[in-house]
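Written below as structure tokens is the structure these notes are about.
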Amino acid sequence: MADIDAERYVADLVDMHATVAMINTSGIVASYPTALPFHTQSAYVQGDDLATIVEACHAAGIKVIARTDFSRVRPELQERHPEWASRTSAGGIVEDGGDVHVCPSGAYQQECAPRIVEETITVLDVDGIYFNMAGFQTTDYRGIDHGICHCEACIVGFREAAGSELPVTRDLDDATFRSYLAYQRRTIDAAKHRMNALIRRIRPDLAIDRPSDDLGGFVRQESNTALDRSPPEWSYGASSNTKWVVGSLPRTVSSNSSVDFIDYPTRHVSVSPERQRLRLARSLANGGGLDHYVIGRLDRRHDRSGLDGVRELFAFHAAHEQEYRDLHFAARVALITGDHGAWREYRGWFRVLAEHHVPFDVVLLDRADDSVLARYDALILPDHQPISDEAARRLDRFVEAGGTLIASGRSGWRTEELQPRDDTAITCLGIETVHGVRESVRGAYLEFPEADGFPRLRDTDLVFLDGPYVDATYRPQAERRLRLIPPGPFGPPERCVLPEATGEPGLVINPFGAGRSLYVPWTCGALVDRYGFPNTSSFVADVVLEHAGIEQIGGNLSPMVEVTWLQQGDDDVHLLHLVNGSGGEGISSVEPVMMRDVEVVVPFAREPAHVTGLVAGQELEWRSADGRLTIEVPELELFEAIRIE
């Protein structure tokens with residue numbers, strides 16, 4: 001802001017084909033002249049003022065989102081209001097690079113933040129508002145975890161809510177910690193509802209970040225890297241972030257941002273240009289908007305290596321705006337997720353579905369009411385433990401009505417308040433009695449007493465296990481597949497003899513009403529995510545494709561090609577994306593391998609009028625027979641978007 005020129009700033013946005021800019025306005029510092037004594041004025045508002053910049057953006061057809069951050073304050077404010085600061089368990093102030101953390105329970109976020117927002121959206125003609133670092137933050141920008149906040153507001157508030165002192169450890173098996181998580185959620189939800197109501201009253205036209213109502217807004221997330229995070233970056237991160245928003249919040253825009261820089265300490269150096277292109281292509285292919293995140297102005301960017309690739313994707317989107325309006329998934333399979341889900345188990349099932357070209361949605365459990373579930377033929381519940389009694393009944397009703405439910409691990413073993421159950425709340429899984437969970441069965445295997453149903457494992461007699469295994473008795477009608485070989489000696493080599501197999505299964509298929517469930521009493525998805533060995537991924541694929549009978553998109557597609565199937569509005573128009581991820585695996589991101597003479601086969605009941613490759617800019621050859629549409633794609637570089645009318 002020290003010497004910013006509105007015309008230059010807007011010209012750079014126009015050159016990138018951007019239609020929205022997110023600019024810092026409020027919170028830690030005010031980027032406009034503020035009249036509030038608890039809002040620190042930026043010392044660098046010396047160029048064109050923010051009102052002028054917003055006006056120039058609007059003149060160019062560019063919307064502006066106000067970025068706010070109420071997680072920290074400047075030290076001089078904290079000195080006047082010591083009660084605002086987040087505190088360690090020892091009572092120390094949580095300080096981060098010259099700023100002081102403030103707690104969502106305290107007066108600054110509860111009372112001052114709404115007044116700052118009111119001033120911001122009154123003084124500035126912005127089009128939306130975003131809340132950075134919302135919630136109870138314990139980790140600072142240096143990666144230091146300061147633990148549970150022990151400010152006076154938290155101590156008193158939790159004591160009044162739960163009748164106890166704050167928890168000592170963060171452990172889901174600790175009842176006090178579970179109560180603390182509920183206290184956090186209630187505190188955040190109440191503040192969000194109040195802020196939402198304030199904004200709707202003053203500026204009902206604003207797009208709100210993660211609105212607490214169903215009137216629409218946007219969800220901004222990030223695909224990013226971090227210096228201390230174990231590589232590689234999950235290749236499907238942008239797809240997953242976009243899918244759950246598009247699949248669960250139909251009135252909300254998914255804005256998954258490709259973060260230009262490597263990490264906070266390296267904000268001025270970019271990640272691989274090809275990684276940015278792949279992230280953006282995956283967001284677009286899954287029905288989201290394009291979002292690219294840089295620090296500062298484009299004309300001041302030290303590392304410009306990725307901007308050409310970003311511009312290319314934005315230009316494509318700009319040229320095909322009408323084709324990308326009002327999209328929704330047309331999939332018949334949903335992967336269920338939600339708060340406190342088993343992340344690695346989820347990622348493993350996600351990867352198998354993507355690499356075997358099964359069109360699927362991602363749906364939040366708390367959004368999956370009966371009408372939502374009725375859209376699907378099959379649901380997958382990957383070791384998702386916290387499920388309310390009502391959600392469990394919805395899943396049972398779904399299966400009873402003819403649906404297929406695949407579940408793994410300890411799905412349904414906790415209430416929505418994270419209280420443990422003795423066994424699952426989901427009746428349709430066919431579990432009669434749970435005898436316990438072996439937390440580790442390392443060294444155990446599953447053997448195939450019969451080979452049918454597992455064609456991808458025809459060259460092996462065993463599937464290896466690692467991690468927990470659920471010991472249970474199942475209802476008489478349930479079909480038990482595979483047999484557990486318990487852990488035996490695995491060293492020295494002279495003693496590596498397999499024990500005898502038991503009657504404990506690796507897959508249980510239970511008829512329930514007009515449908516059925518497929519229960520995997522171990523965490524196969526987590527092994528796929530950790531190792532990716534075909535021994536496990538082939539098992540998961542056979543469960544999905546052979547035993548559940550879920551249909552995949554055919555052709556000669558490589559597993560490295562992600563396929564998404566979207567429909568536009570209520571029209572008979574479909575958008576089929578092929579995203580070439582061959583350059584984005586491992587720790588490096590390079591230009592994807594050009595794939596030629598790609599053939600894709602999709603279920604399509606009628607002959608289409610047009611089949612157009614939007615990237616190629618031409619009609620594609622196709623043929624239709626027996627309810628299948630076969631499309632020929634001559635070349636596939638990063639992606640192709642096929643419009644079928």
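Labels used: A, B, ... for chains in the order of the structure tokens, numbers from 1 for residues in each chain, and numbers from 1 for ligands as shown.
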Produce a table with one row for each residue of segment 309-401 of chain A that has an atom at most 12 Å from any atom of segment 273-287 of chain A, each row naming the nearest atom pair and its distance in Å at one decimal; use only C-alpha atoms; arrange rows by chain and rising residue number; format as JSON lines.
{"residue": "A:Gly309", "atom": "CA", "partner": "A:Arg277", "partner_atom": "CA", "distance": 5.9}
{"residue": "A:Val310", "atom": "CA", "partner": "A:Arg277", "partner_atom": "CA", "distance": 6.3}
{"residue": "A:Arg311", "atom": "CA", "partner": "A:Arg277", "partner_atom": "CA", "distance": 9.5}
{"residue": "A:Glu312", "atom": "CA", "partner": "A:Arg277", "partner_atom": "CA", "distance": 8.6}
{"residue": "A:Leu313", "atom": "CA", "partner": "A:Leu280", "partner_atom": "CA", "distance": 7.1}
{"residue": "A:Phe314", "atom": "CA", "partner": "A:Leu280", "partner_atom": "CA", "distance": 8.9}
{"residue": "A:Phe316", "atom": "CA", "partner": "A:Ala281", "partner_atom": "CA", "distance": 10.3}
{"residue": "A:His317", "atom": "CA", "partner": "A:Leu284", "partner_atom": "CA", "distance": 8.3}
{"residue": "A:Ala318", "atom": "CA", "partner": "A:Leu284", "partner_atom": "CA", "distance": 11.9}
{"residue": "A:His320", "atom": "CA", "partner": "A:Leu284", "partner_atom": "CA", "distance": 11.4}
{"residue": "A:Glu321", "atom": "CA", "partner": "A:Leu284", "partner_atom": "CA", "distance": 11.3}
{"residue": "A:Glu323", "atom": "CA", "partner": "A:Gly287", "partner_atom": "CA", "distance": 10.9}
{"residue": "A:Tyr324", "atom": "CA", "partner": "A:Gly287", "partner_atom": "CA", "distance": 7.6}
{"residue": "A:Arg325", "atom": "CA", "partner": "A:Gly287", "partner_atom": "CA", "distance": 9.0}
{"residue": "A:Asp326", "atom": "CA", "partner": "A:Gly287", "partner_atom": "CA", "distance": 8.8}
{"residue": "A:Leu327", "atom": "CA", "partner": "A:Gly287", "partner_atom": "CA", "distance": 6.1}
{"residue": "A:His328", "atom": "CA", "partner": "A:Gly287", "partner_atom": "CA", "distance": 6.8}
{"residue": "A:Phe329", "atom": "CA", "partner": "A:Gly287", "partner_atom": "CA", "distance": 7.8}
{"residue": "A:Ala330", "atom": "CA", "partner": "A:Asn286", "partner_atom": "CA", "distance": 11.2}
{"residue": "A:Ala331", "atom": "CA", "partner": "A:Asn286", "partner_atom": "CA", "distance": 11.5}
{"residue": "A:Ala354", "atom": "CA", "partner": "A:Arg282", "partner_atom": "CA", "distance": 11.7}
{"residue": "A:Pro359", "atom": "CA", "partner": "A:Asn286", "partner_atom": "CA", "distance": 10.5}
{"residue": "A:Phe360", "atom": "CA", "partner": "A:Asn286", "partner_atom": "CA", "distance": 10.2}
{"residue": "A:Asp361", "atom": "CA", "partner": "A:Asn286", "partner_atom": "CA", "distance": 9.2}
{"residue": "A:Val362", "atom": "CA", "partner": "A:Asn286", "partner_atom": "CA", "distance": 10.5}
Export, as a JSON list (two decimals), in the first residue's frame, the selected residues with C-alpha atoms.
[["chain", "number", "residue", "atom", "x", "y", "z"],
["A", 309, "GLY", "CA", 0.56, -21.13, -16.22],
["A", 310, "VAL", "CA", -1.97, -19.52, -13.90],
["A", 311, "ARG", "CA", -2.86, -16.98, -16.58],
["A", 312, "GLU", "CA", -3.40, -19.83, -19.06],
["A", 313, "LEU", "CA", -5.97, -21.54, -16.80],
["A", 314, "PHE", "CA", -7.72, -18.26, -15.95],
["A", 316, "PHE", "CA", -9.46, -20.75, -20.46],
["A", 317, "HIS", "CA", -12.07, -20.25, -17.77],
["A", 318, "ALA", "CA", -12.78, -16.72, -18.98],
["A", 320, "HIS", "CA", -15.79, -20.61, -21.32],
["A", 321, "GLU", "CA", -17.64, -18.86, -18.51],
["A", 323, "GLU", "CA", -20.06, -23.60, -19.90],
["A", 324, "TYR", "CA", -18.97, -23.45, -16.25],
["A", 325, "ARG", "CA", -22.06, -21.80, -14.79],
["A", 326, "ASP", "CA", -24.53, -23.68, -12.60],
["A", 327, "LEU", "CA", -22.66, -26.99, -12.53],
["A", 328, "HIS", "CA", -23.41, -29.89, -10.22],
["A", 329, "PHE", "CA", -22.21, -33.47, -10.00],
["A", 330, "ALA", "CA", -24.15, -36.20, -11.77],
["A", 331, "ALA", "CA", -22.49, -39.03, -9.81],
["A", 354, "ALA", "CA", -10.27, -41.55, -8.66],
["A", 359, "PRO", "CA", -17.54, -40.67, -10.70],
["A", 360, "PHE", "CA", -18.29, -39.70, -7.11],
["A", 361, "ASP", "CA", -19.30, -36.83, -4.88],
["A", 362, "VAL", "CA", -17.95, -35.95, -1.44]]
- For Gly143 of chain A: contacts at 12 Å, only C-alpha atoms, fewer than 6 positions along chain excluded, given as a PyMOL selection string: chain A and resi 96-97+137+226-229+263-265
Could you turn the residues from that selection into a file that holds N, CA and C atoms, as a PDB file, in the first residue's frame?
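Ended up saving to result31.pdb:
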ATOM      1  N   ASP A  96       3.550 -13.841  18.648  1.00  0.00           N
ATOM      2  CA  ASP A  96       3.963 -14.418  17.373  1.00  0.00           C
ATOM      3  C   ASP A  96       4.495 -13.316  16.466  1.00  0.00           C
ATOM      4  N   GLY A  97       5.830 -13.212  16.385  1.00  0.00           N
ATOM      5  CA  GLY A  97       6.451 -12.283  15.458  1.00  0.00           C
ATOM      6  C   GLY A  97       6.043 -10.833  15.654  1.00  0.00           C
ATOM      7  N   GLN A 137      -7.045 -20.960  17.394  1.00  0.00           N
ATOM      8  CA  GLN A 137      -5.738 -21.226  16.801  1.00  0.00           C
ATOM      9  C   GLN A 137      -4.726 -21.493  17.909  1.00  0.00           C
ATOM     10  N   ALA A 226       4.297 -27.037   2.926  1.00  0.00           N
ATOM     11  CA  ALA A 226       4.894 -26.521   4.161  1.00  0.00           C
ATOM     12  C   ALA A 226       6.255 -27.166   4.362  1.00  0.00           C
ATOM     13  N   LEU A 227       7.192 -26.390   4.850  1.00  0.00           N
ATOM     14  CA  LEU A 227       8.567 -26.872   4.993  1.00  0.00           C
ATOM     15  C   LEU A 227       8.671 -28.040   5.967  1.00  0.00           C
ATOM     16  N   ASP A 228       7.851 -28.051   7.004  1.00  0.00           N
ATOM     17  CA  ASP A 228       7.948 -29.095   8.017  1.00  0.00           C
ATOM     18  C   ASP A 228       6.922 -30.206   7.822  1.00  0.00           C
ATOM     19  N   ARG A 229       6.135 -30.124   6.777  1.00  0.00           N
ATOM     20  CA  ARG A 229       5.149 -31.169   6.505  1.00  0.00           C
ATOM     21  C   ARG A 229       5.812 -32.269   5.680  1.00  0.00           C
ATOM     22  N   ASP A 263       6.002 -21.751   1.672  1.00  0.00           N
ATOM     23  CA  ASP A 263       5.579 -21.771   3.075  1.00  0.00           C
ATOM     24  C   ASP A 263       5.697 -20.358   3.613  1.00  0.00           C
ATOM     25  N   TYR A 264       5.222 -20.156   4.832  1.00  0.00           N
ATOM     26  CA  TYR A 264       5.271 -18.818   5.434  1.00  0.00           C
ATOM     27  C   TYR A 264       6.676 -18.207   5.429  1.00  0.00           C
ATOM     28  N   PRO A 265       7.711 -18.949   5.836  1.00  0.00           N
ATOM     29  CA  PRO A 265       9.045 -18.321   5.833  1.00  0.00           C
ATOM     30  C   PRO A 265       9.582 -18.054   4.431  1.00  0.00           C
TER      31      PRO A 265
END
- Task: Do a neighbour search on segment 71-74 of chain A at 7 Å with only C-alpha atoms, toss out local chain neighbours closer than 3 positions, and write the hits as an MDAnalysis selection string.
- Result: chainID A and resid 28 77:78 99:102 133:134
- Message: If we count only C-alpha atoms and set the cut-off at 10 Å, which residues sit around segment 270-272 of chain A, ignoring sequence neighbours fewer than 3 positions away in its own chain? Please answer as a PyMOL selection string.
- Response: chain A and resi 224-225+258-263+266-267+275-277+294+301-307+584+588-591
- Task: May I have the residues within 8 Å of Phe454 of chain A as a list in words, using only C-alpha atoms and disregarding those fewer than 2 positions away in the same chain?
- Result: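 Non-adjacent residues within range: Ala451, Asp452, Arg456, Leu457, Arg458, Phe539, Asp542, Val543 and Glu546 of chain A.
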Please dump the current selection as a tab-separated table (two decimals), in the first residue's frame; keep C-alpha atoms.
chain	number	residue	atom	x	y	z
A	451	ALA	CA	-10.77	-66.71	-5.57
A	452	ASP	CA	-14.05	-65.39	-6.98
A	456	ARG	CA	-7.34	-57.89	-9.34
A	457	LEU	CA	-5.71	-60.15	-6.72
A	458	ARG	CA	-5.60	-63.29	-8.84
A	539	PHE	CA	-8.60	-55.17	-2.60
A	542	ASP	CA	-12.56	-55.20	-5.96
A	543	VAL	CA	-14.81	-54.32	-3.02
A	546	GLU	CA	-16.95	-56.33	-8.02
- Message: Residues within 6 Å of segment 562-565 of chain A, please, as a list of chain:residue names. Count only C-alpha atoms; anything in the same chain fewer than 2 positions from it doesn't count.
- Response: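 Selected residues are A:Ala354, A:His357, A:Pro359, A:Leu576, A:His577, A:Leu578, A:Val579.
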Write a file of the just-selected residues containing C-alpha atoms, as a compact mmCIF listing (two decimals), in the first residue's frame.
# COMPACT_ATOMS: atom_id res chain seq x y z
CA ALA A 354 -10.27 -41.55 -8.66
CA HIS A 357 -12.46 -43.67 -12.76
CA PRO A 359 -17.54 -40.67 -10.70
CA LEU A 576 -16.77 -34.48 -18.70
CA HIS A 577 -13.27 -33.58 -17.50
CA LEU A 578 -10.09 -35.58 -17.97
CA VAL A 579 -7.22 -34.27 -15.82
- Task: Excluding Asn256 of chain A and any residue of its chain fewer than 4 positions from it, enumerate the residues within 6 Å of it, using only C-alpha atoms, and give them as a PyMOL selection string.
- Result: chain A and resi 220-222+291
- Message: For the strand (DSSP E or B) assignment from backbone DSSP, which residues of segment 545-616 of chain A qualify? Please present them as a list in words.
- Response: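 Everything in segment 545-616 of chain A that counts as strand (DSSP E or B) is Gly554, Gly555, Val561, Glu562, Val563, Thr564, Trp565, Leu566, Gln567, Gln568, His574, Leu575, Leu576, His577, Leu578, Val579, Asn580, Met595, Arg596, Asp597, Val598, Glu599, Val600, Val601, Val602, Pro603, Val611, Thr612 and Gly613 of chain A.
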Can I get the selection written as an mmCIF file, in the first residue's frame, with C-alpha atoms?
data_model
loop_
_atom_site.group_PDB
_atom_site.id
_atom_site.type_symbol
_atom_site.label_atom_id
_atom_site.label_comp_id
_atom_site.auth_asym_id
_atom_site.auth_seq_id
_atom_site.Cartn_x
_atom_site.Cartn_y
_atom_site.Cartn_z
ATOM 1 C CA GLY A 554 -14.319 -47.152 -19.294
ATOM 2 C CA GLY A 555 -11.860 -46.750 -22.124
ATOM 3 C CA VAL A 561 -6.183 -39.444 -15.355
ATOM 4 C CA GLU A 562 -8.859 -38.084 -13.013
ATOM 5 C CA VAL A 563 -12.359 -38.153 -14.504
ATOM 6 C CA THR A 564 -15.236 -35.964 -13.320
ATOM 7 C CA TRP A 565 -18.810 -35.934 -14.610
ATOM 8 C CA LEU A 566 -20.789 -32.701 -14.171
ATOM 9 C CA GLN A 567 -24.202 -31.582 -15.329
ATOM 10 C CA GLN A 568 -25.206 -28.004 -16.103
ATOM 11 C CA HIS A 574 -22.898 -32.565 -19.439
ATOM 12 C CA LEU A 575 -19.261 -31.625 -18.860
ATOM 13 C CA LEU A 576 -16.766 -34.482 -18.705
ATOM 14 C CA HIS A 577 -13.269 -33.583 -17.504
ATOM 15 C CA LEU A 578 -10.088 -35.583 -17.975
ATOM 16 C CA VAL A 579 -7.220 -34.273 -15.823
ATOM 17 C CA ASN A 580 -3.759 -35.639 -16.570
ATOM 18 C CA MET A 595 -1.296 -38.824 -23.792
ATOM 19 C CA ARG A 596 -2.465 -39.578 -27.334
ATOM 20 C CA ASP A 597 -5.441 -41.446 -28.781
ATOM 21 C CA VAL A 598 -7.298 -41.460 -25.500
ATOM 22 C CA GLU A 599 -10.630 -43.273 -25.523
ATOM 23 C CA VAL A 600 -13.279 -42.721 -22.839
ATOM 24 C CA VAL A 601 -16.549 -44.662 -22.531
ATOM 25 C CA VAL A 602 -19.414 -43.219 -20.476
ATOM 26 C CA PRO A 603 -23.001 -44.311 -19.863
ATOM 27 C CA VAL A 611 -19.451 -33.558 -28.361
ATOM 28 C CA THR A 612 -16.929 -30.723 -28.098
ATOM 29 C CA GLY A 613 -13.430 -30.594 -26.633
#
- Item | Counting only C-alpha atoms, the residue of A:Pro608, A:Trp343, A:Leu418, A:Tyr183 that sits nearest Gly237 of chain A |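 The closest residue to Gly237 of chain A is A:Trp343.
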- Query: Between A:Pro204, A:Gly627, A:Gly549, A:Gly583, which one has atoms that come closest to Thr122 of chain A, using only C-alpha atoms?
  - Reply: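 Closest candidate: A:Pro204.
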- Out of A:Pro114, A:Gly467, A:Gly453, A:Gly443, which residue has the shortest atom-to-atom distance to Pro486 of chain A when counting only C-alpha atoms?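 Residue with the minimum atom-to-atom distance to Pro486 of chain A: A:Gly443.
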- Quick one: DSSP alpha helix (DSSP H) residues in segment 95-262 of chain A, as a PyMOL selection string? chain A and resi 107+113-123+152-162+175-202+237-248
